[in-house]
$ cat start-v4.txt   # compact mmCIF, C-alpha atoms
# COMPACT_ATOMS: atom_id res chain seq x y z
CA MET A 971 102.88 142.80 79.80
CA ASN A 972 101.34 145.90 78.27
CA ARG A 973 103.16 149.23 78.50
CA PHE A 974 101.88 151.00 81.55
CA ASP A 975 103.16 154.14 83.17
CA TYR A 976 104.68 153.43 86.59
CA ILE A 977 104.18 156.42 88.86
CA ILE A 978 105.85 156.98 92.24
CA PRO A 979 103.79 159.64 94.05
CA LYS A 980 105.35 161.75 96.78
CA ASP A 981 102.63 161.15 99.35
CA LEU A 982 99.36 159.40 100.03
CA GLU A 983 97.17 162.33 98.95
CA GLU A 984 98.83 162.44 95.56
CA ALA A 985 98.48 158.65 95.20
CA ILE A 986 94.77 158.74 95.94
CA SER A 987 94.10 161.70 93.67
CA LEU A 988 95.98 159.99 90.82
CA VAL A 989 93.98 156.77 91.07
CA LYS A 990 90.73 158.67 91.51
CA GLY A 991 91.55 160.72 88.40
CA TYR A 992 92.53 157.77 86.19
CA GLY A 993 89.69 155.59 87.45
CA LEU A 994 89.79 151.93 86.40
CA GLU A 995 92.77 152.54 84.10
CA ALA A 996 94.91 152.74 87.25
CA ARG A 997 95.77 150.43 90.13
CA TYR A 998 97.76 150.88 93.29
CA VAL A 999 100.77 148.59 93.52
CA ALA A 1000 102.39 147.55 96.80
CA GLY A 1001 105.27 145.02 96.66
CA GLY A 1002 104.03 143.87 93.26
CA THR A 1003 104.91 140.20 93.71
CA ASP A 1004 101.38 139.12 92.77
CA LEU A 1005 100.17 142.05 90.68
CA LEU A 1006 103.22 142.17 88.37
CA VAL A 1007 102.94 138.43 87.76
CA ARG A 1008 99.31 138.87 86.68
CA LEU A 1009 100.30 141.76 84.40
CA LYS A 1010 103.06 139.66 82.87
CA GLN A 1011 100.64 136.77 82.32
CA ARG A 1012 98.26 139.26 80.71
CA ALA A 1013 95.60 138.22 83.19
CA LEU A 1014 95.27 141.92 83.95
CA ARG A 1015 95.81 145.13 82.00
CA VAL A 1016 96.34 148.62 83.38
CA ASN A 1017 97.54 151.90 81.95
CA TYR A 1018 98.88 153.30 85.21
CA LEU A 1019 100.43 151.68 88.27
CA VAL A 1020 100.60 154.00 91.26
CA SER A 1021 103.26 152.82 93.70
CA LEU A 1022 102.68 152.98 97.45
CA ARG A 1023 106.18 151.76 98.28
CA ARG A 1024 107.68 155.12 99.27
CA ILE A 1025 104.84 156.34 101.43
CA GLY A 1026 106.34 156.24 104.92
CA GLU A 1027 103.08 156.65 106.83
CA LEU A 1028 101.90 153.26 105.50
CA LYS A 1029 104.82 151.43 107.08
CA GLY A 1030 105.55 150.22 110.57
CA ILE A 1031 104.21 148.24 113.50
CA SER A 1032 103.10 149.82 116.76
CA ARG A 1033 101.22 149.13 119.98
CA GLU A 1034 98.28 151.39 120.76
CA ASN A 1035 95.77 151.00 123.64
CA GLY A 1036 95.84 147.24 123.85
CA SER A 1037 96.00 146.76 120.07
CA VAL A 1038 98.74 146.02 117.58
CA ARG A 1039 98.65 148.18 114.48
CA ILE A 1040 100.40 147.07 111.29
CA GLY A 1041 100.80 149.57 108.45
CA GLY A 1042 99.66 148.29 105.07
CA MET A 1043 103.05 148.65 103.39
CA THR A 1044 104.86 146.66 106.06
CA THR A 1045 106.73 143.79 104.39
CA PHE A 1046 106.67 140.20 105.61
CA ARG A 1047 110.39 140.52 106.39
CA GLU A 1048 109.54 143.41 108.71
CA ILE A 1049 106.69 141.46 110.32
CA LEU A 1050 109.01 138.49 110.97
CA ARG A 1051 111.58 140.77 112.62
CA SER A 1052 109.10 142.76 114.71
CA GLU A 1053 109.41 142.19 118.45
CA ILE A 1054 105.83 143.38 118.90
CA VAL A 1055 104.49 140.73 116.51
CA GLN A 1056 106.82 138.07 117.92
CA SER A 1057 105.60 138.59 121.45
CA HIS A 1058 101.90 139.36 120.88
CA LEU A 1059 100.90 137.70 117.58
CA PRO A 1060 103.17 134.66 117.20
CA VAL A 1061 100.58 132.92 114.99
CA LEU A 1062 101.20 135.60 112.34
CA ILE A 1063 104.92 134.86 112.58
CA GLU A 1064 104.26 131.16 111.92
CA ALA A 1065 102.35 132.00 108.75
CA SER A 1066 104.80 134.66 107.58
CA LYS A 1067 107.70 132.21 107.87
CA VAL A 1068 106.21 129.92 105.23
CA LEU A 1069 104.82 132.62 102.97
CA ALA A 1070 106.61 132.22 99.63
CA ASN A 1071 110.42 132.63 99.86
CA PRO A 1072 112.99 135.13 101.17
CA GLN A 1073 113.10 137.22 97.98
CA VAL A 1074 109.31 137.60 98.00
CA ARG A 1075 109.08 138.24 101.77
CA ASN A 1076 111.61 141.06 101.37
CA VAL A 1077 109.18 143.04 99.19
CA ALA A 1078 105.69 141.55 99.56
CA THR A 1079 103.44 143.51 101.93
CA ILE A 1080 100.61 142.66 104.28
CA SER A 1081 98.28 144.95 102.32
CA GLY A 1082 99.15 143.16 99.09
CA ASN A 1083 98.44 139.78 100.66
CA ILE A 1084 95.08 141.06 101.91
CA CYS A 1085 93.94 143.11 98.90
CA ASN A 1086 94.84 140.48 96.30
CA ALA A 1087 92.26 138.35 98.09
CA ALA A 1088 93.72 135.01 97.08
CA PRO A 1089 91.69 132.35 98.95
CA SER A 1090 95.03 130.66 99.72
CA ALA A 1091 96.86 133.72 101.12
CA ASP A 1092 98.87 132.55 104.14
CA SER A 1093 98.40 135.63 106.32
CA LEU A 1094 94.61 135.60 106.15
CA PRO A 1095 93.63 132.68 108.43
CA PRO A 1096 95.79 134.03 111.30
CA LEU A 1097 94.55 137.59 110.84
CA MET A 1098 90.95 136.40 110.72
CA VAL A 1099 91.14 134.31 113.89
CA LEU A 1100 92.82 137.31 115.53
CA GLY A 1101 89.76 139.38 114.56
CA ALA A 1102 91.72 141.99 112.57
CA THR A 1103 90.05 145.24 111.49
CA LEU A 1104 91.12 147.09 108.36
CA THR A 1105 91.31 150.85 107.86
CA LEU A 1106 90.84 152.14 104.33
CA ARG A 1107 91.34 155.66 103.00
CA GLY A 1108 89.66 156.92 99.86
CA PRO A 1109 88.88 160.28 98.29
CA GLU A 1110 85.89 160.58 100.68
CA GLY A 1111 87.87 159.82 103.84
CA ASP A 1112 88.60 156.88 106.15
CA ARG A 1113 86.49 153.87 107.06
CA THR A 1114 87.06 150.63 108.94
CA ILE A 1115 85.85 147.15 108.07
CA PRO A 1116 86.37 143.81 109.83
CA LEU A 1117 88.72 141.59 107.80
CA GLU A 1118 86.09 138.87 107.99
CA ASP A 1119 83.66 141.02 105.95
CA PHE A 1120 86.25 142.22 103.45
CA PHE A 1121 86.29 139.39 100.92
CA GLU A 1122 83.71 138.79 98.19
CA GLY A 1123 85.45 136.09 96.15
CA PRO A 1124 88.81 135.20 94.62
CA GLY A 1125 90.52 138.55 93.92
CA LYS A 1126 87.39 140.46 94.93
CA THR A 1127 87.05 142.67 97.98
CA ARG A 1128 84.90 145.48 99.30
CA LYS A 1129 87.74 147.95 98.71
CA ALA A 1130 86.98 150.52 96.02
CA ASN A 1131 89.64 150.84 93.32
CA ASP A 1132 90.70 154.27 94.62
CA GLU A 1133 90.83 153.23 98.28
CA VAL A 1134 94.16 152.46 99.96
CA LEU A 1135 94.49 149.94 102.79
CA LEU A 1136 96.18 152.09 105.45
CA GLY A 1137 96.70 149.20 107.77
CA LEU A 1138 95.11 146.78 110.17
CA SER A 1139 94.57 146.62 113.85
CA VAL A 1140 94.37 143.55 116.09
CA ARG A 1141 93.26 143.51 119.74
CA MET A 1142 96.02 141.93 121.77
CA PRO A 1143 94.78 138.46 122.66
CA ASP A 1144 94.27 137.55 126.32
CA GLN A 1145 96.59 135.06 127.99
CA GLU A 1146 94.07 132.20 127.90
CA THR A 1147 93.57 132.19 124.14
CA ARG A 1148 95.89 129.87 122.29
CA PHE A 1149 96.66 129.85 118.59
CA SER A 1150 98.12 127.63 115.93
CA PHE A 1151 98.71 127.71 112.20
CA GLN A 1152 99.05 124.95 109.60
CA LYS A 1153 99.99 125.00 105.93
CA ILE A 1154 100.03 122.09 103.57
CA GLY A 1155 101.84 122.52 100.27
CA ARG A 1156 104.24 120.41 98.26
CA VAL A 1157 107.06 122.59 99.60
CA SER A 1158 106.49 125.51 101.93
CA GLN A 1159 107.13 128.23 99.32
CA ASP A 1160 104.26 126.87 97.20
CA ILE A 1161 100.79 128.32 97.26
CA ALA A 1162 98.95 126.40 99.99
CA ILE A 1163 96.79 123.40 99.08
CA VAL A 1164 95.10 124.02 102.42
CA ASN A 1165 96.11 126.38 105.21
CA GLY A 1166 94.39 127.34 108.42
CA ALA A 1167 94.52 128.93 111.83
CA ILE A 1168 92.71 128.56 115.13
CA ALA A 1169 92.18 130.71 118.22
CA ILE A 1170 90.91 128.57 121.07
CA SER A 1171 90.25 129.32 124.70
CA LEU A 1172 90.06 126.39 127.10
CA GLU A 1173 89.00 126.07 130.70
CA LYS A 1174 90.38 122.83 132.07
CA GLU A 1175 89.83 120.73 128.96
CA GLU A 1176 86.57 122.40 127.99
CA VAL A 1177 86.31 124.75 125.01
CA ARG A 1178 85.14 128.21 126.09
CA SER A 1179 85.41 129.83 122.70
CA VAL A 1180 86.96 129.03 119.34
CA ARG A 1181 87.53 130.67 115.97
CA LEU A 1182 88.62 128.44 113.11
CA VAL A 1183 89.51 129.61 109.59
CA LEU A 1184 90.74 127.56 106.62
CA GLY A 1185 92.21 128.93 103.40
CA ALA A 1186 92.24 127.57 99.81
CA VAL A 1187 89.05 125.59 100.44
CA ALA A 1188 86.40 128.14 99.37
CA PRO A 1189 86.15 131.34 97.29
CA VAL A 1190 87.23 133.32 100.39
CA PRO A 1191 89.09 132.36 103.59
CA LEU A 1192 86.40 130.35 105.34
CA ARG A 1193 85.29 130.43 108.96
CA LEU A 1194 84.12 126.94 109.91
CA ARG A 1195 81.18 128.04 112.02
CA GLY A 1196 79.67 124.57 112.16
CA VAL A 1197 82.82 123.08 113.66
CA GLU A 1198 83.18 126.08 116.01
CA GLU A 1199 79.65 125.57 117.34
CA ARG A 1200 80.15 121.84 117.77
CA LEU A 1201 83.31 122.40 119.83
CA THR A 1202 82.08 125.25 122.02
CA GLY A 1203 81.24 124.22 125.57
CA GLN A 1204 82.50 120.68 125.03
CA ARG A 1205 85.30 118.76 126.65
CA LEU A 1206 88.09 117.99 124.15
CA THR A 1207 88.08 114.23 123.67
CA GLY A 1208 89.31 111.95 120.92
CA HIS A 1209 85.72 111.36 119.92
CA LEU A 1210 85.00 115.10 119.62
CA LEU A 1211 88.13 115.55 117.51
CA ASP A 1212 87.05 112.75 115.17
CA GLU A 1213 83.72 114.50 114.81
CA ALA A 1214 85.32 117.92 114.16
CA GLN A 1215 87.53 116.36 111.51
CA LYS A 1216 84.55 114.82 109.70
CA MET A 1217 82.47 118.00 109.99
CA ALA A 1218 85.31 120.07 108.50
CA GLU A 1219 85.47 117.77 105.47
CA LYS A 1220 81.80 118.55 104.80
CA GLU A 1221 81.81 122.25 105.68
CA VAL A 1222 84.54 123.33 103.22
CA GLN A 1223 83.69 124.18 99.59
CA PRO A 1224 86.91 123.42 97.70
CA ILE A 1225 87.57 123.22 93.96
CA SER A 1226 89.90 120.97 91.99
CA ASP A 1227 92.87 122.73 90.41
CA VAL A 1228 96.49 122.06 89.45
CA ARG A 1229 97.53 121.78 93.08
CA ALA A 1230 94.93 119.33 94.38
CA SER A 1231 91.56 117.73 93.73
CA GLU A 1232 88.42 118.73 95.57
CA GLU A 1233 88.39 115.35 97.29
CA TYR A 1234 91.97 115.63 98.51
CA ARG A 1235 91.33 119.17 99.79
CA ARG A 1236 88.30 117.92 101.77
CA HIS A 1237 90.42 115.19 103.32
CA LEU A 1238 93.23 117.63 104.14
CA SER A 1239 90.77 120.10 105.64
CA GLY A 1240 89.80 117.53 108.25
CA VAL A 1241 93.44 116.70 108.95
CA VAL A 1242 94.36 120.40 109.25
CA VAL A 1243 91.48 121.07 111.66
CA ARG A 1244 92.53 118.14 113.83
CA ARG A 1245 96.17 119.27 113.90
CA LEU A 1246 95.18 122.88 114.62
CA ILE A 1247 93.15 121.83 117.66
CA GLU A 1248 95.80 119.40 118.90
CA LYS A 1249 98.63 121.89 118.50
CA ALA A 1250 96.82 124.87 120.00
CA SER A 1251 95.39 122.94 122.96
CA GLY A 1252 98.63 121.10 123.63
CA ILE A 1253 96.56 117.97 124.01
CA GLU A 1254 97.78 115.10 121.90
CA ASP A 1255 96.92 111.44 121.52
CA LEU A 1256 93.25 112.05 122.12
CA MET B 745 106.71 156.64 79.19
CA LYS B 746 110.47 157.07 79.67
CA ARG B 747 111.82 158.24 82.99
CA VAL B 748 115.29 158.62 84.46
CA VAL B 749 116.42 156.58 87.46
CA HIS B 750 119.45 157.37 89.63
CA PHE B 751 120.97 154.71 91.85
CA THR B 752 124.17 153.01 93.01
CA LEU B 753 125.09 150.00 90.91
CA ASN B 754 127.86 147.75 92.24
CA GLY B 755 129.35 150.73 94.05
CA PHE B 756 129.07 153.28 91.22
CA GLU B 757 126.60 156.16 91.03
CA VAL B 758 124.64 155.77 87.78
CA GLU B 759 121.66 157.28 86.02
CA GLN B 760 119.73 155.78 83.16
CA GLU B 761 116.67 156.55 81.13
CA ILE B 762 114.22 153.64 80.91
CA GLU B 763 110.61 153.00 79.99
CA SER B 764 108.70 153.12 83.22
CA HIS B 765 107.03 149.69 82.88
CA LYS B 766 110.39 147.89 82.72
CA MET B 767 111.70 145.75 85.55
CA LEU B 768 115.09 145.96 87.28
CA LEU B 769 116.11 142.81 85.36
CA ASP B 770 115.59 144.64 82.02
CA LEU B 771 117.49 147.65 83.32
CA LEU B 772 120.48 145.53 84.34
CA ARG B 773 120.64 143.28 81.30
CA GLU B 774 119.55 145.63 78.51
CA LYS B 775 120.82 149.03 79.60
CA PHE B 776 123.92 148.10 81.60
CA GLU B 777 124.69 144.81 79.79
CA LEU B 778 125.16 143.08 83.13
CA THR B 779 124.03 139.68 81.90
CA GLY B 780 125.16 137.74 84.96
CA THR B 781 121.66 138.18 86.36
CA LYS B 782 119.47 135.61 84.57
CA GLU B 783 115.82 135.46 83.69
CA GLY B 784 114.30 132.10 84.55
CA CYS B 785 110.59 131.98 85.22
CA GLY B 786 109.96 135.74 85.21
CA GLN B 787 107.43 135.21 88.01
CA GLY B 788 109.39 135.27 91.25
CA GLU B 789 109.51 131.49 91.70
CA CYS B 790 112.97 130.43 90.53
CA GLY B 791 115.35 133.07 91.90
CA ALA B 792 117.67 133.08 88.85
CA CYS B 793 117.36 136.89 88.78
CA THR B 794 118.21 137.41 92.47
CA VAL B 795 120.10 140.65 93.16
CA LEU B 796 120.53 142.70 96.34
CA VAL B 797 118.69 145.98 96.80
CA ASP B 798 119.98 147.82 99.87
CA GLY B 799 121.44 144.48 100.95
CA LEU B 800 118.20 142.47 100.67
CA ALA B 801 117.73 139.67 98.14
CA VAL B 802 114.95 140.45 95.66
CA ASN B 803 113.73 139.00 92.37
CA ALA B 804 114.83 141.55 89.75
CA CYS B 805 112.15 140.21 87.37
CA LEU B 806 109.41 141.56 89.67
CA PHE B 807 111.13 144.70 90.92
CA PRO B 808 110.06 147.79 88.97
CA ALA B 809 113.16 149.51 87.58
CA LEU B 810 112.08 152.92 88.87
CA GLU B 811 111.87 151.60 92.44
CA VAL B 812 115.69 151.48 92.68
CA GLU B 813 115.76 155.30 92.67
CA GLY B 814 118.23 156.35 95.39
CA ARG B 815 118.92 152.74 96.36
CA SER B 816 121.98 150.53 96.15
CA VAL B 817 121.91 147.50 93.82
CA THR B 818 124.46 144.69 93.89
CA THR B 819 124.59 142.08 91.13
CA VAL B 820 126.85 139.05 90.83
CA GLU B 821 129.28 141.20 88.80
CA GLY B 822 129.65 143.41 91.87
CA LEU B 823 131.16 140.60 93.93
CA ILE B 824 134.35 140.36 91.88
CA GLY B 825 137.37 141.70 93.72
CA GLU B 826 140.50 143.49 92.47
CA GLY B 827 142.23 141.88 89.51
CA GLY B 828 139.15 139.80 88.77
CA ARG B 829 139.55 137.77 91.95
CA LEU B 830 136.50 135.69 92.77
CA HIS B 831 134.53 136.46 95.92
CA PRO B 832 134.98 133.83 98.66
CA ILE B 833 131.38 132.70 98.07
CA GLN B 834 132.13 132.17 94.38
CA GLU B 835 135.39 130.33 95.23
CA ALA B 836 133.46 128.10 97.60
CA PHE B 837 130.90 127.24 94.89
CA VAL B 838 133.74 126.25 92.52
CA GLU B 839 135.62 124.25 95.14
CA ALA B 840 132.54 122.40 96.40
CA GLY B 841 131.56 121.42 92.84
CA ALA B 842 128.25 123.22 93.24
CA VAL B 843 128.11 124.28 89.58
CA GLN B 844 126.48 122.00 87.03
CA CYS B 845 124.78 123.82 84.14
CA GLY B 846 125.43 127.09 85.94
CA PHE B 847 122.20 128.92 85.11
CA CYS B 848 121.01 129.20 88.71
CA MET B 849 124.47 130.15 90.02
CA PRO B 850 124.31 133.97 90.00
CA GLY B 851 121.01 133.84 91.88
CA MET B 852 122.25 131.15 94.29
CA VAL B 853 125.41 133.14 94.99
CA MET B 854 123.43 136.33 95.66
CA SER B 855 121.01 134.51 97.99
CA ALA B 856 124.03 133.02 99.77
CA LYS B 857 125.50 136.53 100.09
CA ALA B 858 122.28 137.90 101.59
CA LEU B 859 122.09 134.96 104.00
CA LEU B 860 125.73 135.12 105.13
CA ASP B 861 125.68 138.90 105.56
CA GLU B 862 122.90 138.47 108.10
CA THR B 863 123.73 135.02 109.47
CA PRO B 864 127.49 134.44 109.26
CA ASN B 865 127.28 130.95 110.81
CA PRO B 866 124.10 129.43 109.41
CA THR B 867 122.87 125.96 110.32
CA GLU B 868 122.05 123.59 107.47
CA GLU B 869 118.37 124.34 108.06
CA GLU B 870 119.02 128.09 107.79
CA ILE B 871 120.97 127.55 104.57
CA ARG B 872 118.10 125.54 103.09
CA ARG B 873 115.62 128.24 104.05
CA GLY B 874 117.99 130.91 102.73
CA ILE B 875 117.99 129.36 99.24
CA SER B 876 114.34 128.27 99.31
CA GLY B 877 113.58 130.91 96.68
CA ASN B 878 116.19 129.55 94.26
CA LEU B 879 115.62 126.55 92.03
CA CYS B 880 118.41 124.41 90.60
CA ARG B 881 117.04 122.31 87.75
CA CYS B 882 120.15 120.12 87.84
CA THR B 883 119.07 119.44 91.45
CA GLY B 884 122.60 119.95 92.77
CA TYR B 885 121.33 121.16 96.12
CA VAL B 886 123.60 119.01 98.30
CA GLN B 887 126.75 120.55 96.80
CA ILE B 888 125.20 124.03 96.92
CA VAL B 889 124.52 123.66 100.64
CA ASP B 890 128.09 122.39 101.10
CA ALA B 891 129.38 125.40 99.17
CA ILE B 892 127.55 127.83 101.43
CA LYS B 893 128.95 126.08 104.53
CA LEU B 894 132.42 126.37 103.02
CA ALA B 895 131.81 130.02 102.11
CA SER B 896 130.84 130.73 105.71
CA GLN B 897 134.22 129.34 106.87
CA LYS B 898 136.15 131.24 104.19
CA LEU B 899 134.48 134.54 105.08
CA LYS B 900 135.41 134.11 108.72
CA GLY B 901 139.09 133.89 107.75
CA ASP B 902 138.84 136.50 105.02
CA GLY B 903 137.25 139.41 106.84
CA ARG B 904 135.56 140.52 103.62
CA GLY B 905 131.77 140.73 103.33
$ encode --input "start-v4.txt" --output "structure tokens"
Amino acid sequence: MNRFDYIIPKDLEEAISLVKGYGLEARYVAGGTDLLVRLKQRALRVNYLVSLRRIGELKGISRENGSVRIGGMTTFREILRSEIVQSHLPVLIEASKVLANPQVRNVATISGNICNAAPSADSLPPLMVLGATLTLRGPEGDRTIPLEDFFEGPGKTRKANDEVLLGLSVRMPDQETRFSFQKIGRVSQDIAIVNGAIAISLEKEEVRSVRLVLGAVAPVPLRLRGVEERLTGQRLTGHLLDEAQKMAEKEVQPISDVRASEEYRRHLSGVVVRRLIEKASGIEDL
Amino acid sequence: MKRVVHFTLNGFEVEQEIESHKMLLDLLREKFELTGTKEGCGQGECGACTVLVDGLAVNACLFPALEVEGRSVTTVEGLIGEGGRLHPIQEAFVEAGAVQCGFCMPGMVMSAKALLDETPNPTEEEIRRGISGNLCRCTGYVQIVDAIKLASQKLKGDGRG
């Protein structure tokens, strides 16, 4: 780890003006559980880390006009304990439970999980199927961007270096839409080999609408639009599920790495898609 | 750049100058010579460096030293009672034979403390989740889980947190 200066600004304005002033020599740091590891591994070098941890306005979870708003510096511990998230976004609870381990969840933040843009990040498939929108603040002001359009590749996002993720907003889902989450790893604290989430709305046993996102199978969390289209308007049958499973294997674009081979990830992608549909629809043994 | 950090360490108000890129683990081991807290992986995977910050378990190897400003830090040394008496959690680890090489112990004990403070009567599943961020390379997990069950019973009789 190189010697950087760790700065704790008193408020958001000071944080933004510091990073704007130092340019690419500086980075914001949230919980630091990913960023500090990369600095230690010398995969990254900075001269200044500007901490967002003490900026109160970036924390907290609230309900506003039919939406849930989560401040960027909210930790996964706080998400897990939030009654608002428990009752309105239980799929995010499922993912947060298996994100790393207690020590990490006590400090890691939702903004860190989003802005690090790891294709395997556990919170991203749920937030994407929920249709989350991000609010960023930079020296020029605020802007919003759908989470789905935020990622450009592993570790790459549309956020400018001097922009801060203020938080995200999710429309509260209607009663008919059902969700599920799956993660496959050697043990749950590991980085996922494949993870995924689904939002599915059924009428009788027919699919009215569906959003399906898998993680760790492409450079960014991937919406399986082919599978979504195939399912929409169809009655859920064993045959359709077999087809969705096979389509998912083809639609993903995984790589081989230390955790799994490309081939195994393709196979798991099909399995995860099948389980997501079965679990969310409550229909088993199709 | 050097900066000064003020915080509560094992119940005492302290202040210390430290280079601002250092982690809490460096602060504890190098400046305060509290070497009970171990460095294992240095990457937040193994939990050997687990300490409590405002009562929550964190990996000291990934916690910037300056972020403890105004906070309360408890290390394994802070569990010792009057006259060097072991904490009931430590007693339970000894009695259950949970210690093999011992390297993971301070972290395991601190994770157990965080768990039992919040969940005084944990199920086996809750215990396993509670120590899921702590690795024991001797793989003595069965005895460690037993120790935490025993600690839970001891604390109920003891009245001490």
$ closest_atom_pairs --input "start-v4.txt" --of "chain A" --to "chain B" --cutoff "10 Å" --atoms "all atoms listed in the file" --output "tab-separated table"
residue	atom	partner	partner_atom	distance
A:Met971	CA	B:His765	CA	8.6
A:Asn972	CA	B:His765	CA	8.2
A:Arg973	CA	B:His765	CA	5.9
A:Phe974	CA	B:His765	CA	5.5
A:Asp975	CA	B:Ser764	CA	5.6
A:Tyr976	CA	B:Ser764	CA	5.3
A:Ile977	CA	B:Ser764	CA	7.9
A:Ile978	CA	B:Glu811	CA	8.1
A:Gly1001	CA	B:Phe807	CA	8.2
A:Gly1002	CA	B:Leu806	CA	6.9
A:Thr1003	CA	B:Leu806	CA	6.2
A:Asp1004	CA	B:Gln787	CA	8.6
A:Leu1005	CA	B:Leu806	CA	9.3
A:Leu1006	CA	B:Leu806	CA	6.4
A:Val1007	CA	B:Gln787	CA	5.5
A:Arg1008	CA	B:Gln787	CA	9.0
A:Lys1010	CA	B:Gln787	CA	8.1
A:Gln1011	CA	B:Gln787	CA	9.0
A:Asn1017	CA	B:His765	CA	9.8
A:Tyr1018	CA	B:His765	CA	9.2
A:Leu1019	CA	B:His765	CA	8.8
A:Ser1021	CA	B:Glu811	CA	8.8
A:Arg1023	CA	B:Glu811	CA	8.2
A:Arg1024	CA	B:Glu811	CA	8.8
A:Arg1047	CA	B:Leu800	CA	9.9
A:Lys1067	CA	B:Arg873	CA	9.6
A:Val1068	CA	B:Arg873	CA	9.6
A:Ala1070	CA	B:Gly877	CA	7.7
A:Asn1071	CA	B:Gly877	CA	4.8
A:Pro1072	CA	B:Gly877	CA	6.2
A:Gln1073	CA	B:Val802	CA	4.4
A:Val1074	CA	B:Val802	CA	6.7
A:Arg1075	CA	B:Val802	CA	8.8
A:Asn1076	CA	B:Val802	CA	6.6
A:Val1077	CA	B:Val802	CA	7.2
A:Val1157	CA	B:Ser876	CA	9.2
A:Ser1158	CA	B:Ser876	CA	8.7
A:Gln1159	CA	B:Ser876	CA	7.2
A:Asp1160	CA	B:Glu789	CA	8.9
$ residues_around --input "start-v4.txt" --residues "Asn1035 (chain A)" --least-positions-apart "5" --cutoff "12 Å" --atoms "only C-alpha atoms" --output "list of chain:residue names"
A:Ser1139, A:Val1140, A:Arg1141, A:Met1142
$ atom_distance --input "start-v4.txt" --atom1 "CA of Arg1229 (chain A)" --atom2 "CA of Val1164 (chain A)"
9.9 Å
$ residues_around --input "start-v4.txt" --residues "Arg1178 (chain A)" --least-positions-apart "2" --cutoff "12 Å" --atoms "only C-alpha atoms" --output "list in words"
Glu1146, Thr1147, Arg1148, Ala1169, Ile1170, Ser1171, Leu1172, Glu1173, Lys1174, Glu1175, Glu1176, Val1180, Arg1181, Glu1198, Glu1199, Arg1200, Leu1201, Thr1202, Gly1203, Gln1204, Arg1205, Leu1206 and Ser1251 of chain A
$ closest_residue --input "start-v4.txt" --among "B:Glu761, B:Glu821, B:Asp798, B:Glu813" --to "Gly780 (chain B)" --atoms "all atoms listed in the file"
B:Glu821
$ closest_residue --input "start-v4.txt" --among "A:Asp1132, A:Asp1212, A:Asp1119, A:Asp981" --to "Leu1106 (chain A)" --atoms "only C-alpha atoms"
A:Asp1132
$ residues_around --input "start-v4.txt" --residues "Ile1080 (chain A)" --least-positions-apart "4" --cutoff "7 Å" --atoms "all atoms listed in the file" --output "MDAnalysis selection string"
chainID A and resid 1042:1046 1084
$ decode --input "start-v4.txt" --residues "region 801-809 of chain B" --atoms "N, CA, C and O atoms" --output "PDB file, in the first residue's frame"
ATOM      1  N   ALA B 801     -18.481  -5.774  15.513  1.00  0.00           N
ATOM      2  CA  ALA B 801     -17.275  -6.459  15.065  1.00  0.00           C
ATOM      3  C   ALA B 801     -16.820  -5.890  13.723  1.00  0.00           C
ATOM      4  O   ALA B 801     -17.627  -5.754  12.800  1.00  0.00           O
ATOM      5  N   VAL B 802     -15.541  -5.539  13.632  1.00  0.00           N
ATOM      6  CA  VAL B 802     -14.985  -5.076  12.352  1.00  0.00           C
ATOM      7  C   VAL B 802     -13.605  -5.704  12.172  1.00  0.00           C
ATOM      8  O   VAL B 802     -12.970  -6.117  13.140  1.00  0.00           O
ATOM      9  N   ASN B 803     -13.159  -5.743  10.915  1.00  0.00           N
ATOM     10  CA  ASN B 803     -11.796  -6.190  10.635  1.00  0.00           C
ATOM     11  C   ASN B 803     -10.858  -4.988  10.789  1.00  0.00           C
ATOM     12  O   ASN B 803     -10.913  -4.055   9.987  1.00  0.00           O
ATOM     13  N   ALA B 804      -9.994  -5.036  11.810  1.00  0.00           N
ATOM     14  CA  ALA B 804      -9.102  -3.893  12.069  1.00  0.00           C
ATOM     15  C   ALA B 804      -8.108  -3.685  10.926  1.00  0.00           C
ATOM     16  O   ALA B 804      -7.599  -2.582  10.748  1.00  0.00           O
ATOM     17  N   CYS B 805      -7.873  -4.733  10.112  1.00  0.00           N
ATOM     18  CA  CYS B 805      -6.910  -4.602   9.009  1.00  0.00           C
ATOM     19  C   CYS B 805      -7.460  -3.741   7.884  1.00  0.00           C
ATOM     20  O   CYS B 805      -6.709  -3.298   7.019  1.00  0.00           O
ATOM     21  N   LEU B 806      -8.779  -3.532   7.848  1.00  0.00           N
ATOM     22  CA  LEU B 806      -9.395  -2.737   6.778  1.00  0.00           C
ATOM     23  C   LEU B 806     -10.124  -1.529   7.342  1.00  0.00           C
ATOM     24  O   LEU B 806     -10.959  -0.945   6.668  1.00  0.00           O
ATOM     25  N   PHE B 807      -9.820  -1.170   8.580  1.00  0.00           N
ATOM     26  CA  PHE B 807     -10.518  -0.051   9.205  1.00  0.00           C
ATOM     27  C   PHE B 807      -9.504   1.075   9.375  1.00  0.00           C
ATOM     28  O   PHE B 807      -8.571   0.959  10.172  1.00  0.00           O
ATOM     29  N   PRO B 808      -9.640   2.153   8.612  1.00  0.00           N
ATOM     30  CA  PRO B 808      -8.645   3.225   8.692  1.00  0.00           C
ATOM     31  C   PRO B 808      -8.521   3.739  10.123  1.00  0.00           C
ATOM     32  O   PRO B 808      -9.528   3.993  10.790  1.00  0.00           O
ATOM     33  N   ALA B 809      -7.284   3.875  10.592  1.00  0.00           N
ATOM     34  CA  ALA B 809      -7.038   4.263  11.987  1.00  0.00           C
ATOM     35  C   ALA B 809      -7.785   5.553  12.333  1.00  0.00           C
ATOM     36  O   ALA B 809      -8.373   5.668  13.410  1.00  0.00           O
TER      37      ALA B 809
END
